[in-house]
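A.B. asks: What follows is input_12.tsv, made up of TSV, C-alpha atoms:
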chain	number	residue	atom	x	y	z
A	1	MET	CA	8.20	89.00	61.88
A	2	PRO	CA	10.42	90.20	59.02
A	3	ALA	CA	10.73	93.96	58.72
A	4	ARG	CA	9.61	95.60	55.50
A	5	VAL	CA	12.38	97.30	53.55
A	6	PHE	CA	11.33	99.33	50.54
A	7	PHE	CA	13.65	99.50	47.56
A	8	THR	CA	13.96	101.45	44.34
A	9	ASP	CA	16.55	100.94	41.65
A	10	LEU	CA	18.07	103.93	39.89
A	11	ARG	CA	16.18	103.67	36.61
A	12	ALA	CA	14.42	106.89	35.67
A	13	GLY	CA	12.75	108.55	32.71
A	14	HIS	CA	10.96	111.68	31.58
A	15	ARG	CA	7.71	110.60	33.25
A	16	ARG	CA	9.29	109.94	36.65
A	17	ASN	CA	12.76	110.97	37.74
A	18	LEU	CA	14.78	109.59	40.63
A	19	HIS	CA	13.64	112.36	42.96
A	20	ASP	CA	10.04	111.29	42.34
A	21	LYS	CA	10.97	107.69	43.11
A	22	LEU	CA	12.70	108.77	46.32
A	23	GLU	CA	9.54	110.56	47.45
A	24	GLN	CA	7.42	107.51	46.64
A	25	LEU	CA	9.87	105.33	48.56
A	26	ALA	CA	9.68	107.57	51.63
A	27	ARG	CA	5.89	107.66	51.53
A	28	LEU	CA	5.61	103.88	51.26
A	29	ALA	CA	8.03	103.49	54.16
A	30	GLY	CA	5.71	105.61	56.29
A	31	ILE	CA	7.26	109.06	56.52
A	32	GLU	CA	3.84	110.72	56.56
A	33	THR	CA	2.78	108.77	59.65
A	34	LEU	CA	5.96	109.60	61.57
A	35	VAL	CA	5.61	113.37	61.66
A	36	ALA	CA	2.87	115.80	62.63
A	37	ARG	CA	2.24	119.50	62.23
A	38	GLY	CA	4.77	121.57	64.14
A	39	ASP	CA	7.21	118.71	64.77
A	40	LEU	CA	10.88	119.68	64.89
A	41	THR	CA	12.32	116.92	62.73
A	42	ALA	CA	16.02	116.10	62.72
A	43	VAL	CA	17.27	115.04	59.28
A	44	LYS	CA	20.55	113.34	60.19
A	45	LEU	CA	23.11	113.07	57.43
A	46	HIS	CA	26.87	113.24	56.91
A	47	PHE	CA	27.95	116.63	55.55
A	48	GLY	CA	30.99	115.04	53.92
A	49	GLU	CA	34.60	116.16	54.15
A	50	LYS	CA	36.14	118.73	51.84
A	51	GLY	CA	37.63	116.86	48.89
A	52	GLY	CA	35.25	113.90	49.10
A	53	HIS	CA	32.25	113.53	46.82
A	54	ALA	CA	30.36	110.33	47.72
A	55	TYR	CA	28.03	111.93	50.27
A	56	ILE	CA	24.32	112.18	49.43
A	57	ARG	CA	23.51	114.84	46.85
A	58	PRO	CA	21.81	117.89	48.40
A	59	THR	CA	18.97	117.82	45.84
A	60	PHE	CA	17.86	114.43	47.21
A	61	VAL	CA	17.96	115.87	50.73
A	62	ARG	CA	15.80	118.75	49.50
A	63	ARG	CA	13.12	116.34	48.28
A	64	ILE	CA	12.86	114.76	51.74
A	65	VAL	CA	12.84	118.19	53.39
A	66	ASP	CA	10.02	119.36	51.12
A	67	LEU	CA	8.03	116.20	51.87
A	68	LEU	CA	8.40	116.81	55.61
A	69	LYS	CA	7.27	120.40	55.17
A	70	LYS	CA	4.15	119.21	53.34
A	71	GLN	CA	3.24	117.37	56.54
A	72	GLY	CA	3.62	120.58	58.53
A	73	ALA	CA	6.91	119.53	60.14
A	74	LYS	CA	9.86	121.86	60.66
A	75	PRO	CA	12.92	119.92	59.47
A	76	PHE	CA	16.52	120.82	60.18
A	77	LEU	CA	19.68	119.22	58.82
A	78	THR	CA	22.07	117.98	61.43
A	79	ASP	CA	25.44	116.30	61.88
A	80	SER	CA	27.96	116.24	64.72
A	81	CYS	CA	31.53	117.32	65.39
A	82	THR	CA	34.30	114.87	64.62
A	83	LEU	CA	36.37	113.31	67.37
A	84	TYR	CA	39.63	113.92	65.54
A	85	PRO	CA	40.97	117.43	64.82
A	86	GLY	CA	40.20	118.52	61.27
A	87	GLN	CA	37.74	120.40	59.08
A	88	ARG	CA	34.69	119.48	61.16
A	89	LYS	CA	36.02	119.50	64.72
A	90	GLU	CA	33.62	122.23	65.95
A	91	ALA	CA	30.36	123.78	64.79
A	92	VAL	CA	31.72	126.72	62.82
A	93	SER	CA	34.04	124.56	60.74
A	94	ALA	CA	31.54	121.71	60.41
A	95	LEU	CA	28.69	123.93	59.26
A	96	THR	CA	30.97	125.80	56.87
A	97	CYS	CA	32.02	122.46	55.39
A	98	GLY	CA	28.38	121.42	55.05
A	99	ILE	CA	27.45	124.65	53.29
A	100	GLU	CA	30.43	124.45	50.93
A	101	ASN	CA	29.47	120.86	50.10
A	102	GLY	CA	26.06	122.07	48.96
A	103	PHE	CA	23.82	121.81	52.02
A	104	ALA	CA	23.10	125.53	52.29
A	105	TYR	CA	19.50	126.56	53.00
A	106	ALA	CA	19.11	127.85	49.45
A	107	VAL	CA	19.75	124.33	48.13
A	108	ALA	CA	18.47	121.94	50.81
A	109	GLY	CA	15.63	124.09	52.13
A	110	ALA	CA	16.33	123.61	55.83
A	111	PRO	CA	18.59	125.23	58.43
A	112	LEU	CA	21.76	123.48	59.55
A	113	ILE	CA	22.07	122.81	63.28
A	114	LEU	CA	24.91	120.82	64.76
A	115	CYS	CA	23.41	118.26	67.11
A	116	ASP	CA	26.17	118.42	69.72
A	117	GLY	CA	26.70	122.15	70.02
A	118	LEU	CA	29.54	124.55	69.41
A	119	ARG	CA	32.41	122.29	70.52
A	120	GLY	CA	30.86	118.81	70.49
A	121	GLN	CA	29.96	118.94	74.20
A	122	SER	CA	26.21	119.65	74.10
A	123	ALA	CA	24.87	116.24	75.03
A	124	ARG	CA	23.38	114.16	77.78
A	125	ARG	CA	23.65	110.56	78.79
A	126	VAL	CA	20.69	108.30	78.21
A	127	PRO	CA	20.25	104.74	79.50
A	128	VAL	CA	20.68	101.79	77.15
A	129	ALA	CA	21.48	98.92	79.54
A	130	GLY	CA	23.78	97.43	76.91
A	131	GLU	CA	26.27	94.61	77.12
A	132	LEU	CA	29.21	97.02	77.28
A	133	LEU	CA	27.62	100.35	78.21
A	134	ARG	CA	24.92	101.24	80.73
A	135	SER	CA	24.39	104.70	79.25
A	136	VAL	CA	25.58	106.67	76.22
A	137	ASP	CA	26.36	110.33	75.44
A	138	ILE	CA	24.00	111.57	72.69
A	139	GLY	CA	23.85	115.00	71.05
A	140	GLN	CA	21.29	117.22	72.75
A	141	GLU	CA	19.48	118.28	69.57
A	142	ILE	CA	18.94	114.67	68.51
A	143	LEU	CA	17.28	114.00	71.84
A	144	GLU	CA	15.26	117.23	71.72
A	145	ALA	CA	13.92	116.60	68.19
A	146	ASP	CA	10.37	115.27	67.95
A	147	ASN	CA	11.30	112.74	65.29
A	148	LEU	CA	14.24	111.61	63.21
A	149	VAL	CA	14.93	110.84	59.56
A	150	THR	CA	18.39	109.49	58.82
A	151	LEU	CA	19.79	109.77	55.31
A	152	SER	CA	22.84	107.52	55.06
A	153	HIS	CA	25.36	106.88	52.33
A	154	PHE	CA	26.03	103.14	52.43
A	155	LYS	CA	29.70	102.27	51.91
A	156	CYS	CA	32.60	100.23	53.25
A	157	HIS	CA	34.41	101.26	56.42
A	158	GLU	CA	37.91	100.47	57.59
A	159	LEU	CA	36.93	99.82	61.23
A	160	THR	CA	33.35	98.52	61.09
A	161	GLY	CA	33.34	96.90	57.64
A	162	PHE	CA	30.42	99.00	56.43
A	163	GLY	CA	28.71	102.24	57.31
A	164	GLY	CA	24.97	102.80	56.99
A	165	ALA	CA	22.02	103.70	59.19
A	166	LEU	CA	23.47	102.16	62.37
A	167	LYS	CA	26.75	104.04	62.02
A	168	ASN	CA	24.92	107.27	61.16
A	169	LEU	CA	23.00	106.83	64.40
A	170	GLY	CA	25.64	105.45	66.74
A	171	MET	CA	28.71	107.40	65.73
A	172	GLY	CA	27.02	110.31	63.98
A	173	CYS	CA	24.61	111.24	66.79
A	174	SER	CA	27.09	110.99	69.67
A	175	SER	CA	29.03	113.80	71.28
A	176	ARG	CA	32.80	114.01	71.10
A	177	ALA	CA	32.95	112.24	74.45
A	178	GLY	CA	30.70	109.55	73.03
A	179	LYS	CA	32.90	109.06	69.99
A	180	LEU	CA	35.95	108.81	72.23
A	181	GLU	CA	34.16	106.25	74.41
A	182	GLN	CA	33.46	104.12	71.36
A	183	HIS	CA	36.97	104.31	69.91
A	184	SER	CA	39.21	104.24	72.96
A	185	ASN	CA	39.37	103.05	76.56
A	186	VAL	CA	42.31	105.21	77.60
A	187	ALA	CA	42.94	108.93	77.85
A	188	PRO	CA	44.31	110.98	74.94
A	189	GLU	CA	48.02	111.74	75.05
A	190	VAL	CA	50.15	114.74	74.13
A	191	ALA	CA	52.72	114.55	71.34
A	192	ALA	CA	55.31	116.75	73.01
A	193	GLN	CA	57.07	117.70	69.78
A	194	PHE	CA	53.94	119.55	68.62
A	195	CYS	CA	53.03	121.18	71.94
A	196	THR	CA	53.71	124.94	72.04
A	197	ALA	CA	52.64	125.36	75.69
A	198	CYS	CA	49.84	127.73	74.69
A	199	ALA	CA	47.80	126.36	77.64
A	200	ASP	CA	44.50	126.25	75.72
A	201	CYS	CA	44.06	122.59	76.71
A	202	PHE	CA	44.83	123.42	80.34
A	203	LYS	CA	42.21	126.17	80.38
A	204	SER	CA	39.60	123.95	78.75
A	205	CYS	CA	39.96	121.01	81.12
A	206	ALA	CA	37.33	121.08	83.86
A	207	HIS	CA	38.82	118.12	85.71
A	208	GLY	CA	42.38	119.19	86.43
A	209	ALA	CA	43.76	116.40	84.27
A	210	ILE	CA	46.28	118.55	82.37
A	211	ALA	CA	49.52	119.91	83.81
A	212	PHE	CA	52.74	121.28	82.34
A	213	ILE	CA	55.93	119.34	82.90
A	214	LYS	CA	59.17	120.74	81.50
A	215	GLY	CA	57.20	123.18	79.36
A	216	LYS	CA	54.95	120.57	77.73
A	217	ALA	CA	51.36	119.63	78.44
A	218	ARG	CA	50.71	116.21	79.92
A	219	ILE	CA	47.39	114.45	80.56
A	220	ASP	CA	46.94	112.49	83.76
A	221	PRO	CA	44.96	109.36	82.79
A	222	SER	CA	43.74	108.92	86.37
A	223	LEU	CA	41.98	112.29	86.25
A	224	CYS	CA	40.85	112.39	82.61
A	225	VAL	CA	37.11	111.68	82.17
A	226	GLY	CA	37.27	111.38	78.39
A	227	CYS	CA	35.26	114.49	77.46
A	228	GLY	CA	37.59	115.22	74.52
A	229	ARG	CA	37.36	119.01	74.91
A	230	CYS	CA	41.14	119.35	74.84
A	231	ILE	CA	41.28	117.68	71.43
A	232	ALA	CA	39.04	120.33	69.93
A	233	VAL	CA	40.84	123.37	71.34
A	234	CYS	CA	44.38	122.31	70.40
A	235	GLU	CA	45.13	124.16	67.17
A	236	GLU	CA	48.52	122.47	66.90
A	237	GLN	CA	46.86	119.01	66.86
A	238	ALA	CA	49.29	117.95	69.57
A	239	ILE	CA	46.69	115.96	71.53
A	240	LYS	CA	46.36	112.52	70.04
A	241	ILE	CA	43.57	110.00	70.37
A	242	GLN	CA	44.73	106.52	71.27
A	243	TRP	CA	42.66	104.44	68.85
A	244	ASN	CA	43.17	101.34	70.95
A	245	GLU	CA	39.72	99.77	71.21
A	246	GLU	CA	39.46	96.52	69.28
A	247	ALA	CA	37.10	96.53	66.30
A	248	PRO	CA	34.50	94.08	67.67
A	249	LYS	CA	34.00	96.23	70.78
A	250	VAL	CA	33.79	99.40	68.69
A	251	MET	CA	31.02	97.79	66.65
A	252	LYS	CA	29.11	96.67	69.72
A	253	LYS	CA	29.47	100.06	71.38
A	254	MET	CA	28.30	101.71	68.18
A	255	ALA	CA	25.15	99.57	68.15
A	256	GLU	CA	24.46	100.51	71.76
A	257	TYR	CA	24.97	104.17	70.90
A	258	ALA	CA	22.53	103.75	68.00
A	259	LYS	CA	19.97	102.54	70.51
A	260	GLY	CA	20.64	105.62	72.61
A	261	ALA	CA	20.20	107.93	69.62
A	262	LEU	CA	16.69	106.53	69.20
A	263	HIS	CA	15.82	107.10	72.86
A	264	GLY	CA	12.24	108.38	72.97
A	265	LYS	CA	11.85	108.06	69.19
A	266	GLU	CA	9.95	104.76	69.14
A	267	GLY	CA	7.64	104.82	66.12
A	268	ARG	CA	8.99	108.22	65.09
A	269	ALA	CA	12.12	107.40	63.06
A	270	LEU	CA	12.78	106.50	59.43
A	271	PHE	CA	15.99	105.28	57.82
A	272	ILE	CA	16.85	105.88	54.16
A	273	ASN	CA	20.07	104.43	52.74
A	274	PHE	CA	21.60	105.45	49.43
A	275	VAL	CA	23.52	102.48	48.02
A	276	THR	CA	25.42	104.59	45.51
A	277	GLN	CA	29.12	105.30	45.01
A	278	ILE	CA	29.90	102.42	47.34
A	279	SER	CA	33.36	103.57	48.30
A	280	PRO	CA	35.97	101.43	50.12
A	281	GLN	CA	36.29	103.85	53.04
A	282	CYS	CA	34.10	106.21	55.04
A	283	ASP	CA	33.18	109.74	53.98
A	284	CYS	CA	35.38	111.38	56.63
A	285	TYR	CA	38.40	111.43	54.33
A	286	GLY	CA	39.25	114.33	52.08
A	287	HIS	CA	39.03	112.06	49.04
A	288	THR	CA	36.73	109.39	47.64
A	289	ASP	CA	38.15	106.26	46.03
A	290	ALA	CA	36.48	104.45	43.12
A	291	PRO	CA	33.30	102.50	44.00
A	292	ILE	CA	33.73	98.74	44.42
A	293	VAL	CA	30.37	97.81	42.82
A	294	ALA	CA	27.95	99.66	40.56
A	295	ASP	CA	25.28	101.92	42.03
A	296	LEU	CA	22.40	99.75	43.25
A	297	GLY	CA	19.54	101.89	44.53
A	298	ILE	CA	17.87	103.50	47.55
A	299	LEU	CA	16.30	101.64	50.47
A	300	ALA	CA	14.02	102.79	53.28
A	301	SER	CA	12.60	101.22	56.44
A	302	THR	CA	11.52	102.00	59.98
A	303	ASP	CA	13.97	99.28	61.08
A	304	PRO	CA	17.65	100.38	61.01
A	305	VAL	CA	18.98	96.82	61.35
A	306	ALA	CA	16.86	95.46	58.51
A	307	VAL	CA	17.73	98.31	56.13
A	308	ASP	CA	21.47	97.89	56.74
A	309	GLN	CA	21.22	94.12	56.35
A	310	ALA	CA	19.35	94.52	53.06
A	311	CYS	CA	21.95	96.97	51.77
A	312	ALA	CA	24.80	94.62	52.70
A	313	ASP	CA	23.06	91.74	50.95
A	314	LEU	CA	22.57	93.80	47.78
A	315	VAL	CA	26.21	94.85	47.73
A	316	ASN	CA	27.43	91.29	48.23
A	317	ALA	CA	25.08	89.98	45.53
A	318	ALA	CA	26.50	92.42	42.97
A	319	PRO	CA	29.57	91.72	40.81
A	320	GLY	CA	32.66	93.60	41.94
A	321	LEU	CA	34.19	96.24	39.72
A	322	PRO	CA	37.74	95.63	38.42
A	323	GLY	CA	40.53	98.08	39.08
A	324	THR	CA	39.24	99.11	42.50
A	325	ALA	CA	40.28	98.55	46.12
A	326	LEU	CA	38.30	95.30	46.08
A	327	GLN	CA	40.87	92.51	46.39
A	328	SER	CA	38.58	89.46	46.64
A	329	GLY	CA	34.92	88.51	46.49
A	330	HIS	CA	34.43	89.96	43.00
A	331	GLU	CA	31.93	87.26	42.08
A	332	PRO	CA	28.20	87.80	42.77
A	333	GLY	CA	27.67	86.56	46.32
A	334	GLY	CA	31.27	87.22	47.33
A	335	ASP	CA	31.94	89.11	50.56
A	336	LYS	CA	32.72	92.62	49.32
A	337	PHE	CA	33.38	94.06	52.77
A	338	ARG	CA	36.02	91.48	53.63
A	339	GLY	CA	37.25	91.88	50.08
A	340	VAL	CA	38.31	95.41	51.04
A	341	HIS	CA	38.92	95.01	54.78
A	342	PRO	CA	39.70	91.30	55.29
A	343	GLU	CA	40.32	91.55	59.05
A	344	ILE	CA	36.92	93.05	59.89
A	345	ASP	CA	33.98	90.86	60.92
A	346	TRP	CA	31.40	93.38	59.71
A	347	GLU	CA	28.38	91.32	60.78
A	348	ILE	CA	29.08	91.96	64.47
A	349	THR	CA	27.27	95.31	64.34
A	350	LEU	CA	24.14	93.74	62.87
A	351	GLU	CA	24.24	90.78	65.24
A	352	HIS	CA	24.62	92.96	68.32
A	353	ALA	CA	22.02	95.51	67.20
A	354	GLU	CA	19.50	92.70	66.79
A	355	LYS	CA	20.48	91.20	70.14
A	356	ILE	CA	19.83	94.44	72.06
A	357	GLY	CA	16.43	94.91	70.43
A	358	LEU	CA	17.25	97.62	67.92
A	359	GLY	CA	15.65	95.73	65.03
A	360	THR	CA	15.76	92.50	63.08
A	361	ARG	CA	18.07	91.11	60.41
A	362	SER	CA	15.08	89.33	58.87
A	363	TYR	CA	13.40	91.45	56.20
A	364	GLU	CA	11.06	91.48	53.23
A	365	LEU	CA	12.40	93.52	50.33
A	366	VAL	CA	9.56	95.41	48.64
A	367	LYS	CA	10.50	96.95	45.30
A	368	ILE	CA	8.40	99.94	44.33
A	369	GLU	CA	6.43	99.72	41.11
A	370	GLU	CA	8.05	101.04	37.95
Once more with this new file: its structure as C-alpha cells, please.
C.D. replies:
Amino acid sequence: MPARVFFTDLRAGHRRNLHDKLEQLARLAGIETLVARGDLTAVKLHFGEKGGHAYIRPTFVRRIVDLLKKQGAKPFLTDSCTLYPGQRKEAVSALTCGIENGFAYAVAGAPLILCDGLRGQSARRVPVAGELLRSVDIGQEILEADNLVTLSHFKCHELTGFGGALKNLGMGCSSRAGKLEQHSNVAPEVAAQFCTACADCFKSCAHGAIAFIKGKARIDPSLCVGCGRCIAVCEEQAIKIQWNEEAPKVMKKMAEYAKGALHGKEGRALFINFVTQISPQCDCYGHTDAPIVADLGILASTDPVAVDQACADLVNAAPGLPGTALQSGHEPGGDKFRGVHPEIDWEITLEHAEKIGLGTRSYELVKIEE
C-alpha cells in the first residue's frame, strides 16, 4: 500500500500563518497518536554549522515542541557529535553551536541534549541484520527516548546526492564510531607534520592502537577498532579520517543505520521535511550556497522512505534556478541531484531502505486544505 505523505505549500496569510499550517500538517500526519503523557520525546534536528543559514528556523521547531507539550510529552532537542574535528566535535562545542544558531531553550522551548554523550561515545549497538552490517552503533539517548520526531532540512549532498529524513536518522543518530563505520573501512591515520606529541590520543585509546615512533603518534590498523575517540581529543587535528568508502556503500550503510535508529520505535516516529533553501551541499559547512530551486513546502509522514521520495520528486519537478551550482537538469522533471553531483546515484539510499523494510517509495501525496 502507498504511504500517506502530507504536504503544505508555503502560502500564508493573516488568517493562517505558516506555523499554523505546520501544526495542522503534524496533526494530520498523526503526531498526537505517537506520543503519550510523560513520554520523553527526542526531536532530532541538525543544529547547523556556524556560518551556515539553511537549517530549520528555531521558531518552527518551537511550534512542534509546543504541540508535543500539549500532549503531555516532554520533548528535548537532540543532535550528535560530528565525525570530523570542528565546531561540533563534542557536546560542549556542539551545544554551544546549537544555542548560538538559535536553538536555546528561550527560543525553542526544550532542553538540548546531545544523543551520543560528551565525546560522541555514548551509544550501543543494535541489531539490523542488514546487507552490509549486522548491527549498528546508535546514540544512547535516541534509543532511550520513548518516541522520535525528526525535523529535516531537505537539500543536496555531495556524497549521498540528497539529505533528508533517512540521513538525519542514519548519520545524525549514530555515534562517532558509527559515522566512521559508514564513511571508512580503514583506521584513521596521523598527519605527522601536525602531530605535537602531546599524547592525548595515546591516553584516550583503550585498545593500545597508538604508539609513538620517532616522536610522532602512529595508529596500528590491526589494533584500531574504529571508535574515533582519538579524532575528538586531538586539538591539532593531526588525526585524519580516511574517507575511502565508496558512495554506494555509504548510502546502503546509512539506510541500515537509519533502521537501527528506529529500533524499538515502531509506530512511535514521525518525519517532517522542510523543502526550503534547497542548497547544493549539506548543512555541515560553515557557509550556505544559493538554493538550486525555489522553496517548495513542508512534508510529513510516518514513513521515512516515502517522505524522502516525495521530497525528491518535488525538487526534480521544479524548474532549476539560474546562476546556481545546478549545472544540468534545469527543466521541470530534470534530475536536480545529478545536476549538482553528477557522479552520485542518489536513488541507492531509497532503494536500499525500501529493500530492508524501512518503508516504501510508493506514496500518496495529500495536500492540506487552504
A.B. asks: Counting all atoms listed in the file, which residue out of A:Pro319, A:Gly172, A:Pro280, A:Gly120 sits closest to Lys44 in chain A?
C.D. replies: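 Counting all atoms listed in the file, the residue closest to Lys44 in chain A is A:Gly172.
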A.B. asks: Report, in Å with one decimal, the straight-line distance from CA of Glu144 in chain A to CA of Ile64 in chain A.
C.D. replies: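 Computing the Euclidean distance for CA of Glu144 in chain A and CA of Ile64 in chain A yields 20.3 Å.
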A.B. asks: State, in Å with one decimal place, the distance from CA of Asn273 in chain A to CA of Ser152 in chain A.
C.D. replies: 4.8 Å
A.B. asks: Of the candidates A:Ala209, A:Val92, A:Ala290, A:Ala247, which shows the shortest atom-to-atom distance to Arg229 in chain A, using all atoms listed in the file?
C.D. replies: A:Ala209
A.B. asks: May I have the protein, DNA and RNA residues with any atom at most 8 Å from the point (11.6, 108.0, 55.0), counting only C-alpha atoms, written as a CSV table (one decimal) with C-alpha atoms, in the coordinates of the input?
C.D. replies:
chain,number,residue,atom,x,y,z
A,25,LEU,CA,9.9,105.3,48.6
A,26,ALA,CA,9.7,107.6,51.6
A,27,ARG,CA,5.9,107.7,51.5
A,29,ALA,CA,8.0,103.5,54.2
A,30,GLY,CA,5.7,105.6,56.3
A,31,ILE,CA,7.3,109.1,56.5
A,64,ILE,CA,12.9,114.8,51.7
A,149,VAL,CA,14.9,110.8,59.6
A,150,THR,CA,18.4,109.5,58.8
A,270,LEU,CA,12.8,106.5,59.4
A,271,PHE,CA,16.0,105.3,57.8
A,272,ILE,CA,16.8,105.9,54.2
A,300,ALA,CA,14.0,102.8,53.3
A,301,SER,CA,12.6,101.2,56.4
A,302,THR,CA,11.5,102.0,60.0
A.B. asks: For Leu262 in chain A, which residue out of A:Ile241, A:Ala211, A:Leu299, A:Leu166 is the nearest one, using only C-alpha atoms?
C.D. replies: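 Distance minimum relative to Leu262 in chain A lands on A:Leu166.
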A.B. asks: List every protein, DNA or RNA residue that has an atom no more than 10 Å from (12.0, 108.8, 42.8) in the file's coordinate frame, counting all atoms listed in the file, and report them as a ChimeraX atom specification.
C.D. replies: /A:8-12,16-26,60,63,298,368,370
A.B. asks: Would you export the selected residues with C-alpha atoms as a PDB file, in the frame of the given file, please?
C.D. replies:
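Contents of the output file part01.pdb:
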ATOM      1  CA  THR A   8      13.960 101.450  44.340  1.00  0.00           C
ATOM      2  CA  ASP A   9      16.550 100.940  41.650  1.00  0.00           C
ATOM      3  CA  LEU A  10      18.070 103.930  39.890  1.00  0.00           C
ATOM      4  CA  ARG A  11      16.180 103.670  36.610  1.00  0.00           C
ATOM      5  CA  ALA A  12      14.420 106.890  35.670  1.00  0.00           C
ATOM      6  CA  ARG A  16       9.290 109.940  36.650  1.00  0.00           C
ATOM      7  CA  ASN A  17      12.760 110.970  37.740  1.00  0.00           C
ATOM      8  CA  LEU A  18      14.780 109.590  40.630  1.00  0.00           C
ATOM      9  CA  HIS A  19      13.640 112.360  42.960  1.00  0.00           C
ATOM     10  CA  ASP A  20      10.040 111.290  42.340  1.00  0.00           C
ATOM     11  CA  LYS A  21      10.970 107.690  43.110  1.00  0.00           C
ATOM     12  CA  LEU A  22      12.700 108.770  46.320  1.00  0.00           C
ATOM     13  CA  GLU A  23       9.540 110.560  47.450  1.00  0.00           C
ATOM     14  CA  GLN A  24       7.420 107.510  46.640  1.00  0.00           C
ATOM     15  CA  LEU A  25       9.870 105.330  48.560  1.00  0.00           C
ATOM     16  CA  ALA A  26       9.680 107.570  51.630  1.00  0.00           C
ATOM     17  CA  PHE A  60      17.860 114.430  47.210  1.00  0.00           C
ATOM     18  CA  ARG A  63      13.120 116.340  48.280  1.00  0.00           C
ATOM     19  CA  ILE A 298      17.870 103.500  47.550  1.00  0.00           C
ATOM     20  CA  ILE A 368       8.400  99.940  44.330  1.00  0.00           C
ATOM     21  CA  GLU A 370       8.050 101.040  37.950  1.00  0.00           C
TER      22      GLU A 370
END
A.B. asks: Please indicate the distance in Å from CA of Ile210 in chain A to CA of Cys227 in chain A, rounded to one decimal place.
C.D. replies: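 It comes out at 12.7 Å.
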A.B. asks: Can you tell me, as a VMD selection string, what residues are no more than 12 Å from Gly164 in chain A when counting all atoms listed in the file, ignoring any on the same chain fewer than 6 positions away?
C.D. replies: chain A and resid 44 to 46 55 150 to 157 170 to 172 254 to 255 258 271 to 276 278 282 to 283 298 to 300 304 to 312 346 349 to 350
A.B. asks: Which one of A:Gln327, A:Ser222, A:Ser362, A:Thr41 sits closest to Met1 in chain A if you count all atoms listed in the file?
C.D. replies: A:Ser362
A.B. asks: Any idea what's packed within 8 Å of His352 in chain A, counting all atoms listed in the file, ignoring anything in its chain fewer than 4 positions away? Could you give it as number ranges by chain?
C.D. replies: A: 252, 255, 348, 356
A.B. asks: For Ala217 in chain A, work out the shell of residues within 12 Å, counting all atoms listed in the file and skipping chain neighbours fewer than 3 positions away, then give it as a list of chain:residue names.
C.D. replies: A:Pro188, A:Glu189, A:Val190, A:Ala191, A:Ala192, A:Gln193, A:Phe194, A:Cys195, A:Thr196, A:Ala197, A:Cys198, A:Ala199, A:Asp200, A:Cys201, A:Phe202, A:Lys203, A:Cys205, A:Ala209, A:Ile210, A:Ala211, A:Phe212, A:Ile213, A:Lys214, A:Asp220, A:Cys230, A:Cys234, A:Ala238, A:Ile239
A.B. asks: I'd like to know which of A:Leu159, A:Leu132, A:Val107, A:Val293 is closest to His183 in chain A, using all atoms listed in the file.
C.D. replies: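 Result for the nearest residue to His183 in chain A: A:Leu159.
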A.B. asks: What lies within 8 Å of Leu365 in chain A using all atoms listed in the file, ignoring chain neighbours under 4 positions off, as a VMD selection string?
C.D. replies: chain A and resid 4 to 7 310
A.B. asks: With N, CA, C and O atoms as the target, complete range 329-339 of chain A and hand it back as a PDB file, in the coordinates of the input.
C.D. replies:
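The resulting file, selection-v3.pdb, is shown below:
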ATOM      1  N   GLY A 329      36.371  88.485  46.437  1.00  0.00           N
ATOM      2  CA  GLY A 329      34.920  88.510  46.490  1.00  0.00           C
ATOM      3  C   GLY A 329      34.276  89.202  45.306  1.00  0.00           C
ATOM      4  O   GLY A 329      33.146  89.678  45.404  1.00  0.00           O
ATOM      5  N   HIS A 330      34.972  89.272  44.169  1.00  0.00           N
ATOM      6  CA  HIS A 330      34.430  89.960  43.000  1.00  0.00           C
ATOM      7  C   HIS A 330      33.187  89.282  42.445  1.00  0.00           C
ATOM      8  O   HIS A 330      32.325  89.942  41.849  1.00  0.00           O
ATOM      9  N   GLU A 331      33.066  87.982  42.650  1.00  0.00           N
ATOM     10  CA  GLU A 331      31.930  87.260  42.080  1.00  0.00           C
ATOM     11  C   GLU A 331      30.638  87.633  42.805  1.00  0.00           C
ATOM     12  O   GLU A 331      30.652  88.003  43.991  1.00  0.00           O
ATOM     13  N   PRO A 332      29.486  87.574  42.098  1.00  0.00           N
ATOM     14  CA  PRO A 332      28.200  87.800  42.770  1.00  0.00           C
ATOM     15  C   PRO A 332      28.056  86.832  43.952  1.00  0.00           C
ATOM     16  O   PRO A 332      28.273  85.629  43.822  1.00  0.00           O
ATOM     17  N   GLY A 333      27.746  87.371  45.102  1.00  0.00           N
ATOM     18  CA  GLY A 333      27.670  86.560  46.320  1.00  0.00           C
ATOM     19  C   GLY A 333      28.936  86.595  47.138  1.00  0.00           C
ATOM     20  O   GLY A 333      28.945  86.152  48.291  1.00  0.00           O
ATOM     21  N   GLY A 334      30.026  87.114  46.575  1.00  0.00           N
ATOM     22  CA  GLY A 334      31.270  87.220  47.330  1.00  0.00           C
ATOM     23  C   GLY A 334      31.189  88.307  48.388  1.00  0.00           C
ATOM     24  O   GLY A 334      30.446  89.284  48.243  1.00  0.00           O
ATOM     25  N   ASP A 335      31.950  88.152  49.454  1.00  0.00           N
ATOM     26  CA  ASP A 335      31.940  89.110  50.560  1.00  0.00           C
ATOM     27  C   ASP A 335      32.750  90.346  50.173  1.00  0.00           C
ATOM     28  O   ASP A 335      33.983  90.340  50.201  1.00  0.00           O
ATOM     29  N   LYS A 336      32.047  91.398  49.775  1.00  0.00           N
ATOM     30  CA  LYS A 336      32.720  92.620  49.320  1.00  0.00           C
ATOM     31  C   LYS A 336      33.403  93.355  50.462  1.00  0.00           C
ATOM     32  O   LYS A 336      34.443  94.000  50.267  1.00  0.00           O
ATOM     33  N   PHE A 337      32.832  93.301  51.649  1.00  0.00           N
ATOM     34  CA  PHE A 337      33.380  94.060  52.770  1.00  0.00           C
ATOM     35  C   PHE A 337      34.697  93.452  53.247  1.00  0.00           C
ATOM     36  O   PHE A 337      35.665  94.170  53.504  1.00  0.00           O
ATOM     37  N   ARG A 338      34.745  92.121  53.313  1.00  0.00           N
ATOM     38  CA  ARG A 338      36.020  91.480  53.630  1.00  0.00           C
ATOM     39  C   ARG A 338      36.966  91.538  52.437  1.00  0.00           C
ATOM     40  O   ARG A 338      38.182  91.427  52.604  1.00  0.00           O
ATOM     41  N   GLY A 339      36.420  91.721  51.258  1.00  0.00           N
ATOM     42  CA  GLY A 339      37.250  91.880  50.080  1.00  0.00           C
ATOM     43  C   GLY A 339      38.051  93.171  50.099  1.00  0.00           C
ATOM     44  O   GLY A 339      39.080  93.288  49.429  1.00  0.00           O
TER      45      GLY A 339
END
